[in-house]
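Student: run-v1.cif is the file, holding mmCIF, C-alpha atoms:
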```
data_my_file
loop_
_atom_site.group_PDB
_atom_site.id
_atom_site.type_symbol
_atom_site.label_atom_id
_atom_site.label_comp_id
_atom_site.auth_asym_id
_atom_site.auth_seq_id
_atom_site.Cartn_x
_atom_site.Cartn_y
_atom_site.Cartn_z
ATOM 1 C CA MET N 1 15.514 -16.090 -28.801
ATOM 2 C CA ASP N 2 12.728 -13.819 -29.903
ATOM 3 C CA ILE N 3 10.858 -11.839 -27.293
ATOM 4 C CA LYS N 4 7.571 -13.258 -28.651
ATOM 5 C CA ASP N 5 8.713 -16.764 -27.653
ATOM 6 C CA ILE N 6 9.066 -15.609 -24.039
ATOM 7 C CA MET N 7 5.640 -13.936 -23.916
ATOM 8 C CA LYS N 8 3.624 -17.137 -23.805
ATOM 9 C CA PRO N 9 0.963 -17.985 -21.229
ATOM 10 C CA GLU N 10 2.975 -20.930 -19.862
ATOM 11 C CA ASN N 11 5.921 -18.604 -19.090
ATOM 12 C CA MET N 12 3.846 -16.059 -17.161
ATOM 13 C CA VAL N 13 5.235 -15.474 -13.656
ATOM 14 C CA TYR N 14 3.315 -12.365 -12.614
ATOM 15 C CA SER N 15 -0.013 -10.924 -13.649
ATOM 16 C CA LYS N 16 -2.776 -8.848 -12.124
ATOM 17 C CA THR N 17 -4.713 -10.835 -9.520
ATOM 18 C CA PRO N 18 -8.411 -11.345 -10.406
ATOM 19 C CA VAL N 19 -9.305 -9.983 -6.948
ATOM 20 C CA LEU N 20 -8.364 -6.527 -8.276
ATOM 21 C CA THR N 21 -10.981 -5.075 -10.623
ATOM 22 C CA SER N 22 -9.942 -3.708 -14.024
ATOM 23 C CA THR N 23 -10.970 -0.164 -13.035
ATOM 24 C CA THR N 24 -8.125 2.332 -13.423
ATOM 25 C CA MET N 25 -7.296 3.697 -9.977
ATOM 26 C CA HIS N 26 -7.996 7.381 -9.348
ATOM 27 C CA TYR N 27 -4.823 7.749 -7.273
ATOM 28 C CA CYS N 28 -2.001 10.056 -8.378
ATOM 29 C CA PRO N 29 0.888 8.443 -10.312
ATOM 30 C CA GLY N 30 3.177 6.558 -7.913
ATOM 31 C CA CYS N 31 0.772 6.627 -4.952
ATOM 32 C CA SER N 32 1.469 3.958 -2.325
ATOM 33 C CA HIS N 33 -2.266 3.252 -1.984
ATOM 34 C CA GLY N 34 -2.282 1.364 -5.292
ATOM 35 C CA THR N 35 0.590 -0.880 -4.203
ATOM 36 C CA VAL N 36 -1.005 -1.665 -0.837
ATOM 37 C CA HIS N 37 -4.395 -2.392 -2.488
ATOM 38 C CA LYS N 38 -2.627 -4.835 -4.784
ATOM 39 C CA LEU N 39 -0.823 -6.569 -1.898
ATOM 40 C CA ILE N 40 -4.092 -6.965 0.012
ATOM 41 C CA ALA N 41 -5.788 -8.370 -3.112
ATOM 42 C CA GLU N 42 -2.926 -10.824 -3.669
ATOM 43 C CA VAL N 43 -3.083 -12.041 -0.048
ATOM 44 C CA ILE N 44 -6.866 -12.520 -0.388
ATOM 45 C CA GLU N 45 -6.347 -14.505 -3.592
ATOM 46 C CA GLU N 46 -3.571 -16.670 -2.135
ATOM 47 C CA MET N 47 -5.607 -17.454 0.980
ATOM 48 C CA GLY N 48 -8.743 -18.099 -1.118
ATOM 49 C CA ILE N 49 -10.899 -15.866 1.066
ATOM 50 C CA GLN N 50 -12.429 -13.537 -1.541
ATOM 51 C CA GLU N 51 -15.972 -14.607 -0.584
ATOM 52 C CA LYS N 52 -15.230 -14.357 3.145
ATOM 53 C CA THR N 53 -13.531 -10.959 3.390
ATOM 54 C CA ILE N 54 -15.201 -7.690 4.331
ATOM 55 C CA GLY N 55 -13.225 -4.461 4.073
ATOM 56 C CA ILE N 56 -14.066 -1.207 5.800
ATOM 57 C CA SER N 57 -12.981 1.754 3.706
ATOM 58 C CA PRO N 58 -12.108 5.050 5.395
ATOM 59 C CA VAL N 59 -12.606 8.696 4.602
ATOM 60 C CA GLY N 60 -9.664 9.949 2.559
ATOM 61 C CA CYS N 61 -8.283 9.083 -0.851
ATOM 62 C CA ALA N 62 -8.839 5.365 -0.142
ATOM 63 C CA VAL N 63 -12.600 5.865 0.274
ATOM 64 C CA PHE N 64 -12.938 4.434 -3.243
ATOM 65 C CA ALA N 65 -11.071 1.229 -2.336
ATOM 66 C CA TYR N 66 -14.369 -0.579 -2.946
ATOM 67 C CA ASN N 67 -14.020 0.171 -6.651
ATOM 68 C CA TYR N 68 -10.686 -1.614 -6.878
ATOM 69 C CA VAL N 69 -10.663 -4.699 -4.647
ATOM 70 C CA ASP N 70 -13.426 -7.129 -5.585
ATOM 71 C CA ILE N 71 -14.708 -8.129 -2.117
ATOM 72 C CA ASP N 72 -17.536 -6.954 0.131
ATOM 73 C CA TRP N 73 -17.049 -3.455 1.515
ATOM 74 C CA GLN N 74 -18.567 -1.055 3.989
ATOM 75 C CA GLN N 75 -17.703 2.603 4.192
ATOM 76 C CA ALA N 76 -17.360 4.197 7.611
ATOM 77 C CA ALA N 77 -17.712 7.769 8.828
ATOM 78 C CA HIS N 78 -14.386 9.552 9.308
ATOM 79 C CA GLY N 79 -12.254 7.590 11.785
ATOM 80 C CA ARG N 80 -15.031 5.153 12.688
ATOM 81 C CA ALA N 81 -13.822 2.187 10.653
ATOM 82 C CA PRO N 82 -12.687 0.160 13.732
ATOM 83 C CA ALA N 83 -16.158 0.572 15.305
ATOM 84 C CA LEU N 84 -17.835 -0.650 12.113
ATOM 85 C CA ALA N 85 -15.304 -3.480 11.843
ATOM 86 C CA THR N 86 -16.074 -4.499 15.449
ATOM 87 C CA ALA N 87 -19.780 -4.764 14.640
ATOM 88 C CA THR N 88 -19.167 -6.600 11.358
ATOM 89 C CA LYS N 89 -16.794 -9.125 12.929
ATOM 90 C CA ARG N 90 -19.084 -9.785 15.895
ATOM 91 C CA LEU N 91 -22.109 -10.333 13.629
ATOM 92 C CA HIS N 92 -20.110 -12.466 11.173
ATOM 93 C CA PRO N 93 -17.360 -14.122 13.225
ATOM 94 C CA GLU N 94 -16.479 -16.483 10.355
ATOM 95 C CA LYS N 95 -15.545 -13.581 8.041
ATOM 96 C CA TYR N 96 -12.190 -11.878 7.659
ATOM 97 C CA VAL N 97 -12.726 -8.212 8.499
ATOM 98 C CA PHE N 98 -10.159 -5.508 7.909
ATOM 99 C CA THR N 99 -10.085 -1.731 8.023
ATOM 100 C CA TYR N 100 -7.998 0.375 5.676
ATOM 101 C CA GLN N 101 -7.242 3.775 7.171
ATOM 102 C CA GLY N 102 -4.977 6.741 6.603
ATOM 103 C CA ASP N 103 -3.212 8.792 9.239
ATOM 104 C CA GLY N 104 -5.754 11.609 9.227
ATOM 105 C CA ASP N 105 -8.506 9.037 9.681
ATOM 106 C CA LEU N 106 -6.858 6.729 12.222
ATOM 107 C CA ALA N 107 -4.460 8.967 14.162
ATOM 108 C CA SER N 108 -6.575 12.106 14.395
ATOM 109 C CA ILE N 109 -10.377 11.949 14.344
ATOM 110 C CA GLY N 110 -10.463 8.173 14.873
ATOM 111 C CA THR N 111 -8.003 7.893 17.784
ATOM 112 C CA ALA N 112 -10.694 6.870 20.286
ATOM 113 C CA GLU N 113 -12.122 4.164 18.022
ATOM 114 C CA ILE N 114 -8.790 2.595 17.116
ATOM 115 C CA MET N 115 -7.493 2.659 20.697
ATOM 116 C CA HIS N 116 -10.564 0.980 22.136
ATOM 117 C CA ALA N 117 -10.973 -1.537 19.314
ATOM 118 C CA CYS N 118 -7.314 -2.573 19.769
ATOM 119 C CA ASN N 119 -7.634 -2.598 23.541
ATOM 120 C CA ARG N 120 -10.682 -4.862 23.362
ATOM 121 C CA GLY N 121 -8.681 -7.139 21.095
ATOM 122 C CA GLU N 122 -11.273 -7.393 18.340
ATOM 123 C CA ASN N 123 -10.232 -10.075 15.823
ATOM 124 C CA ILE N 124 -9.811 -7.636 12.972
ATOM 125 C CA VAL N 125 -6.930 -6.493 10.788
ATOM 126 C CA VAL N 126 -6.050 -2.813 10.625
ATOM 127 C CA ILE N 127 -4.050 -1.532 7.645
ATOM 128 C CA PHE N 128 -2.732 1.927 8.533
ATOM 129 C CA ILE N 129 -1.335 4.092 5.735
ATOM 130 C CA ASN N 130 0.960 6.725 7.243
ATOM 131 C CA ASN N 131 2.075 9.415 4.801
ATOM 132 C CA GLY N 132 2.274 12.255 7.294
ATOM 133 C CA ILE N 133 -0.265 14.458 5.538
ATOM 134 C CA TYR N 134 -3.955 14.802 4.685
ATOM 135 C CA GLY N 135 -3.813 13.794 1.021
ATOM 136 C CA MET N 136 -7.387 14.072 -0.214
ATOM 137 C CA THR N 137 -8.280 17.443 1.288
ATOM 138 C CA GLY N 138 -5.223 19.236 -0.098
ATOM 139 C CA GLY N 139 -2.140 18.448 1.962
ATOM 140 C CA GLN N 140 -2.944 19.791 5.429
ATOM 141 C CA MET N 141 -0.864 18.911 8.503
ATOM 142 C CA ALA N 142 -1.682 15.549 10.106
ATOM 143 C CA PRO N 143 -0.790 14.306 13.627
ATOM 144 C CA THR N 144 1.981 12.226 12.029
ATOM 145 C CA THR N 145 3.552 15.151 10.095
ATOM 146 C CA LEU N 146 7.295 15.393 10.798
ATOM 147 C CA ILE N 147 8.901 18.326 12.604
ATOM 148 C CA GLY N 148 9.837 20.971 10.037
ATOM 149 C CA MET N 149 7.695 19.410 7.304
ATOM 150 C CA LYS N 150 5.872 21.976 5.180
ATOM 151 C CA THR N 151 2.167 21.433 4.588
ATOM 152 C CA ALA N 152 -0.768 23.635 3.535
ATOM 153 C CA THR N 153 -1.528 24.433 7.205
ATOM 154 C CA SER N 154 2.105 24.592 8.383
ATOM 155 C CA PRO N 155 3.671 26.565 5.493
ATOM 156 C CA TYR N 156 6.834 27.374 7.508
ATOM 157 C CA GLY N 157 7.247 23.757 8.624
ATOM 158 C CA ARG N 158 5.770 21.972 11.639
ATOM 159 C CA ASP N 159 6.829 23.773 14.804
ATOM 160 C CA PRO N 160 6.593 21.689 18.014
ATOM 161 C CA LYS N 161 5.777 24.801 20.099
ATOM 162 C CA LEU N 162 2.822 25.641 17.903
ATOM 163 C CA HIS N 163 1.697 22.264 16.522
ATOM 164 C CA GLY N 164 2.972 19.686 19.006
ATOM 165 C CA MET N 165 5.093 16.625 18.320
ATOM 166 C CA PRO N 166 4.437 13.902 15.695
ATOM 167 C CA LEU N 167 2.161 11.166 17.028
ATOM 168 C CA LYS N 168 3.709 7.694 16.888
ATOM 169 C CA ILE N 169 0.373 5.953 17.212
ATOM 170 C CA THR N 170 1.690 2.524 16.257
ATOM 171 C CA ASN N 171 4.003 2.585 19.286
ATOM 172 C CA LEU N 172 1.006 3.431 21.501
ATOM 173 C CA ILE N 173 -1.044 0.610 20.005
ATOM 174 C CA ALA N 174 1.775 -1.881 20.605
ATOM 175 C CA GLN N 175 1.359 -1.197 24.350
ATOM 176 C CA LEU N 176 -2.269 -2.364 24.332
ATOM 177 C CA ASP N 177 -2.881 -5.924 25.523
ATOM 178 C CA GLY N 178 -5.573 -6.595 22.913
ATOM 179 C CA THR N 179 -3.158 -6.474 19.987
ATOM 180 C CA CYS N 180 -1.271 -9.605 18.943
ATOM 181 C CA TYR N 181 0.763 -8.311 16.003
ATOM 182 C CA VAL N 182 1.916 -4.750 15.453
ATOM 183 C CA THR N 183 4.330 -4.017 12.647
ATOM 184 C CA ARG N 184 5.597 -1.116 10.555
ATOM 185 C CA GLN N 185 6.415 -1.684 6.870
ATOM 186 C CA ALA N 186 6.811 0.229 3.613
ATOM 187 C CA VAL N 187 6.267 -0.353 -0.124
ATOM 188 C CA HIS N 188 8.908 1.882 -1.726
ATOM 189 C CA ASN N 189 10.851 -1.002 -3.301
ATOM 190 C CA ALA N 190 10.227 -4.615 -4.239
ATOM 191 C CA ALA N 191 11.854 -6.106 -1.114
ATOM 192 C CA ALA N 192 9.820 -3.862 1.187
ATOM 193 C CA ALA N 193 6.610 -4.623 -0.729
ATOM 194 C CA ARG N 194 7.187 -8.381 -0.392
ATOM 195 C CA LYS N 195 7.778 -7.991 3.358
ATOM 196 C CA THR N 196 4.592 -5.944 3.649
ATOM 197 C CA LYS N 197 2.692 -8.671 1.829
ATOM 198 C CA ARG N 198 3.961 -11.283 4.307
ATOM 199 C CA ALA N 199 2.941 -8.996 7.176
ATOM 200 C CA ILE N 200 -0.576 -8.565 5.746
ATOM 201 C CA ARG N 201 -0.897 -12.322 5.285
ATOM 202 C CA LYS N 202 0.204 -12.954 8.863
ATOM 203 C CA ALA N 203 -2.326 -10.378 10.082
ATOM 204 C CA PHE N 204 -5.177 -12.134 8.228
ATOM 205 C CA GLU N 205 -4.068 -15.509 9.609
ATOM 206 C CA ASN N 206 -4.021 -14.102 13.157
ATOM 207 C CA SER N 207 -7.576 -12.885 12.621
ATOM 208 C CA ALA N 208 -8.700 -16.446 11.754
ATOM 209 C CA LEU N 209 -6.901 -17.840 14.806
ATOM 210 C CA GLY N 210 -8.700 -15.385 17.096
ATOM 211 C CA LYS N 211 -5.484 -14.031 18.589
ATOM 212 C CA GLY N 212 -6.602 -10.401 18.765
ATOM 213 C CA THR N 213 -6.118 -7.278 16.693
ATOM 214 C CA SER N 214 -3.355 -7.208 14.074
ATOM 215 C CA PHE N 215 -2.073 -3.786 13.132
ATOM 216 C CA VAL N 216 0.019 -3.199 10.009
ATOM 217 C CA GLU N 217 1.352 0.329 9.516
ATOM 218 C CA VAL N 218 2.620 1.080 6.012
ATOM 219 C CA VAL N 219 4.842 4.165 5.884
ATOM 220 C CA SER N 220 3.808 5.672 2.557
ATOM 221 C CA THR N 221 4.278 8.621 0.282
ATOM 222 C CA CYS N 222 1.875 11.325 -0.828
ATOM 223 C CA ASN N 223 3.931 12.743 -3.672
ATOM 224 C CA SER N 224 1.268 15.311 -4.665
ATOM 225 C CA GLY N 225 0.927 16.519 -1.077
ATOM 226 C CA TRP N 226 4.682 16.545 -0.573
ATOM 227 C CA LYS N 227 5.151 18.374 -3.914
ATOM 228 C CA LEU N 228 7.702 15.822 -5.147
ATOM 229 C CA SER N 229 7.927 13.369 -8.035
ATOM 230 C CA PRO N 230 7.010 9.753 -7.133
ATOM 231 C CA VAL N 231 10.662 8.639 -7.162
ATOM 232 C CA ALA N 232 11.864 11.691 -5.195
ATOM 233 C CA ALA N 233 9.037 11.146 -2.685
ATOM 234 C CA ASN N 234 10.218 7.576 -2.069
ATOM 235 C CA GLU N 235 13.767 8.851 -1.489
ATOM 236 C CA TRP N 236 12.508 11.594 0.820
ATOM 237 C CA MET N 237 10.529 8.998 2.770
ATOM 238 C CA VAL N 238 13.583 6.767 3.265
ATOM 239 C CA GLU N 239 15.667 9.755 4.349
ATOM 240 C CA ASN N 240 13.188 11.541 6.615
ATOM 241 C CA MET N 241 10.268 9.284 7.550
ATOM 242 C CA PHE N 242 12.229 6.110 8.360
ATOM 243 C CA PRO N 243 14.328 7.657 11.203
ATOM 244 C CA GLU N 244 11.094 8.829 12.853
ATOM 245 C CA TYR N 245 9.070 5.713 11.972
ATOM 246 C CA PRO N 246 11.594 2.819 11.925
ATOM 247 C CA MET N 247 10.679 -0.385 10.087
ATOM 248 C CA GLY N 248 10.065 -3.701 11.812
ATOM 249 C CA ASP N 249 7.795 -5.629 14.149
ATOM 250 C CA LEU N 250 6.874 -3.803 17.346
ATOM 251 C CA LYS N 251 4.975 -6.771 18.738
ATOM 252 C CA ASP N 252 4.427 -10.377 17.698
ATOM 253 C CA ARG N 253 2.839 -12.931 19.982
ATOM 254 C CA MET F 1 21.573 -21.555 -16.737
ATOM 255 C CA ALA F 2 20.410 -18.051 -17.485
ATOM 256 C CA LEU F 3 17.032 -16.464 -17.053
ATOM 257 C CA ARG F 4 15.385 -14.500 -19.825
ATOM 258 C CA GLY F 5 12.374 -12.381 -19.130
ATOM 259 C CA ALA F 6 9.925 -10.054 -20.764
ATOM 260 C CA ILE F 7 7.304 -7.638 -19.555
ATOM 261 C CA VAL F 8 4.078 -6.416 -21.060
ATOM 262 C CA VAL F 9 2.888 -3.008 -19.886
ATOM 263 C CA ASP F 10 -0.783 -2.063 -20.046
ATOM 264 C CA THR F 11 0.086 1.285 -21.602
ATOM 265 C CA GLU F 12 -3.398 2.735 -21.139
ATOM 266 C CA LYS F 13 -3.330 2.084 -17.365
ATOM 267 C CA CYS F 14 0.302 3.165 -16.852
ATOM 268 C CA LYS F 15 0.665 6.623 -15.297
ATOM 269 C CA GLY F 16 4.396 6.941 -15.944
ATOM 270 C CA CYS F 17 5.357 7.224 -12.265
ATOM 271 C CA SER F 18 8.857 5.720 -12.886
ATOM 272 C CA VAL F 19 8.806 3.596 -9.722
ATOM 273 C CA CYS F 20 9.362 0.485 -11.891
ATOM 274 C CA VAL F 21 12.236 2.206 -13.722
ATOM 275 C CA VAL F 22 14.257 2.798 -10.528
ATOM 276 C CA ASN F 23 13.373 -0.651 -9.143
ATOM 277 C CA CYS F 24 14.611 -2.532 -12.228
ATOM 278 C CA PRO F 25 17.996 -4.094 -11.304
ATOM 279 C CA THR F 26 19.044 -4.434 -14.969
ATOM 280 C CA GLN F 27 17.931 -1.000 -16.282
ATOM 281 C CA THR F 28 15.583 -2.693 -18.725
ATOM 282 C CA ILE F 29 12.672 -0.292 -18.328
ATOM 283 C CA ALA F 30 12.397 3.343 -19.414
ATOM 284 C CA LEU F 31 9.584 5.777 -20.065
ATOM 285 C CA ALA F 32 8.477 6.091 -23.685
ATOM 286 C CA ARG F 33 8.637 9.388 -25.565
ATOM 287 C CA GLU F 34 5.095 8.710 -26.737
ATOM 288 C CA VAL F 35 2.146 9.299 -24.425
ATOM 289 C CA ASN F 36 -1.058 7.346 -23.823
ATOM 290 C CA SER F 37 -4.567 8.797 -24.098
ATOM 291 C CA LYS F 38 -4.243 10.355 -20.613
ATOM 292 C CA GLY F 39 -1.016 12.110 -21.616
ATOM 293 C CA TYR F 40 1.330 9.969 -19.546
ATOM 294 C CA ASN F 41 4.716 8.754 -20.841
ATOM 295 C CA TYR F 42 4.183 5.056 -20.237
ATOM 296 C CA ALA F 43 6.857 2.533 -19.246
ATOM 297 C CA TYR F 44 8.265 0.120 -21.828
ATOM 298 C CA MET F 45 11.090 -2.383 -22.211
ATOM 299 C CA ALA F 46 13.910 -0.217 -23.533
ATOM 300 C CA SER F 47 16.486 -3.043 -23.598
ATOM 301 C CA PRO F 48 14.537 -6.331 -23.879
ATOM 302 C CA GLU F 49 17.701 -8.485 -23.966
ATOM 303 C CA SER F 50 18.635 -7.556 -20.354
ATOM 304 C CA CYS F 51 15.299 -8.500 -18.684
ATOM 305 C CA THR F 52 15.574 -11.431 -16.255
ATOM 306 C CA GLY F 53 11.880 -11.594 -15.338
ATOM 307 C CA CYS F 54 12.590 -10.836 -11.650
ATOM 308 C CA THR F 55 9.084 -9.310 -11.163
ATOM 309 C CA ASN F 56 10.429 -6.349 -9.132
ATOM 310 C CA CYS F 57 8.761 -3.860 -11.487
ATOM 311 C CA ALA F 58 5.395 -5.593 -11.292
ATOM 312 C CA THR F 59 5.614 -5.896 -7.488
ATOM 313 C CA VAL F 60 6.090 -2.150 -6.976
ATOM 314 C CA CYS F 61 3.745 -0.960 -9.748
ATOM 315 C CA PRO F 62 0.947 0.954 -7.973
ATOM 316 C CA ASP F 63 -1.417 0.470 -10.904
ATOM 317 C CA THR F 64 -0.659 -3.226 -11.465
ATOM 318 C CA CYS F 65 -0.179 -2.696 -15.185
ATOM 319 C CA ILE F 66 2.857 -4.982 -15.684
ATOM 320 C CA THR F 67 2.692 -8.676 -16.620
ATOM 321 C CA VAL F 68 5.960 -10.617 -16.382
ATOM 322 C CA TYR F 69 7.122 -13.686 -18.352
ATOM 323 C CA ARG F 70 10.240 -15.727 -17.622
ATOM 324 C CA ILE F 71 12.035 -18.711 -19.135
ATOM 325 C CA LYS F 72 15.219 -20.634 -18.389
ATOM 326 C CA VAL F 73 17.636 -20.835 -21.319
#
```
Would you kindly transcribe this structure into structure tokens?
Tutor:
Amino acid sequence: MDIKDIMKPENMVYSKTPVLTSTTMHYCPGCSHGTVHKLIAEVIEEMGIQEKTIGISPVGCAVFAYNYVDIDWQQAAHGRAPALATATKRLHPEKYVFTYQGDGDLASIGTAEIMHACNRGENIVVIFINNGIYGMTGGQMAPTTLIGMKTATSPYGRDPKLHGMPLKITNLIAQLDGTCYVTRQAVHNAAAARKTKRAIRKAFENSALGKGTSFVEVVSTCNSGWKLSPVAANEWMVENMFPEYPMGDLKDR
Amino acid sequence: MALRGAIVVDTEKCKGCSVCVVNCPTQTIALAREVNSKGYNYAYMASPESCTGCTNCATVCPDTCITVYRIKV
């Protein structure tokens, strides 16, 4: 059979969702952000909530998320996305509101906002991209940086005596009574990406049911910041990040 | 019953990150020697006869530049 006979519209099993715009993403080759954006867009398409979803973009590489996912967006000051999401959800309770934040945004400058928004149990979804580094500003150490990991501001590796221990913020958030669903996922291979998509869908459904805050951590790579190729960065993540940040649901009620 | 598949890569959007190459269970995909206008070696179907249309490559593609077709033969 000729390959041209397979490439017919009726045989198509996967194509770009129309919720993603045709703009080429500015992210580095192999960046996990692109994959997570796509999964969010696919969930929005499958649930048919494109007109009812409001995203809050963070400060960091993903600040331009509004160029790529074709929904309504707001852009928050650094770390303040949960506060803006709280206001948006309370003013428009019928909308699906989610924040998209990195580890520098959520686990460092925005710790107060995320803790209190989760503790109040706002009916929002939080997508937390944890790559253990500040990607956009040039690879500085983040609260989630692993012990011994070299960054621009810890060139000899993170030393617990000097820099403290890595912050497992998702474990802290799972303790808060306001959260209904707290999970940690990854997107390094197809199986993990499909699981992450199911987790994101569940989080959006929880938001409609008014069960409280849903928190989805995605352990990700920053291959430019880690100074590795995209494939090597994924392998490094499985080897080093997963023991510190194990996959799975921390809370589901 | 066997599955035959095919992929179409948007070569201008592809950044040649190779994540699809390592995620392909049948080693169908490789990076081309040629580059696109941005200078990236884009992904292409190196052995079209082995593709099963499993969609793994498209699922992990960060730039969503892969379209997948599948038929039962």
Student: So which residues get picked by the PyMOL selection byres ((chain F) within 7 of (chain N)) here, written as a list of chain:residue names?
Tutor: F:Gly5, F:Ala6, F:Lys13, F:Lys15, F:Gly16, F:Cys17, F:Ser18, F:Val19, F:Asn23, F:Thr55, F:Asn56, F:Thr59, F:Val60, F:Cys61, F:Pro62, F:Asp63, F:Thr64, F:Ile66, F:Thr67, F:Val68, F:Tyr69, F:Arg70, F:Ile71
Student: Could you pull the residues within 9 Å of His78 of chain N, counting all atoms listed in the file, minus those fewer than 6 positions along the same chain, as number ranges by chain?
Tutor: N: 58-60, 104-106, 109-110
Student: Of the candidates N:Cys222, N:Cys180, N:Val19, N:Ala117, which shows the shortest atom-to-atom distance to Gly102 of chain N, using all atoms listed in the file?
Tutor: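 Result for the nearest residue to Gly102 of chain N: N:Cys222.
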Student: Let me make sure I understand: among N:Met241, N:Ala233, N:Ile114, N:Val125, which one has the smallest atom-to-atom distance to Leu176 of chain N if we use all atoms listed in the file?
Tutor: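 Among the listed residues, the smallest separation from Leu176 of chain N belongs to N:Ile114.
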Student: What is the distance, in Å and to one decimal place, between atom CA of Val22 of chain F and atom CA of Val69 of chain N?
Tutor: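 Between these atoms lies a distance of 26.7 Å.
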Student: Any chance you could work out the residue set of the PyMOL selection byres ((chain N and resi 246) around 12) here, as a PyMOL selection string?
Tutor: chain N and resi 168+170-171+183-186+217-219+237-245+247-250
Student: Starting from the point (-11.9, 6.2, 14.2), work out which residues of protein, DNA or RNA have an atom no more than 12 Å away when counting all atoms listed in the file; state them as a ChimeraX atom specification.
Tutor: /N:56-59,76-86,99-118,126,128
Student: List the residues selected by the PyMOL selection byres ((chain F and resi 51) around 8) in the file shown, writing them as a ChimeraX atom specification.
Tutor: /F:4-6,26,28,47-50,52-54
Student: Using Å and a single decimal, report how far atom CA of Ser37 of chain F sits from atom CA of Val9 of chain F.
Tutor: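 Those two atoms sit 14.6 Å apart.
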Student: By how many Å are atom CA of Gly225 of chain N and atom CA of Gly139 of chain N apart?
Tutor: 4.7 Å
Student: What's the 12 Å shell around Ser154 of chain N, counting all atoms listed in the file, without same-chain residues fewer than 3 positions away, as a ChimeraX atom specification?
Tutor: /N:133,139-143,145-151,157-160,162-164
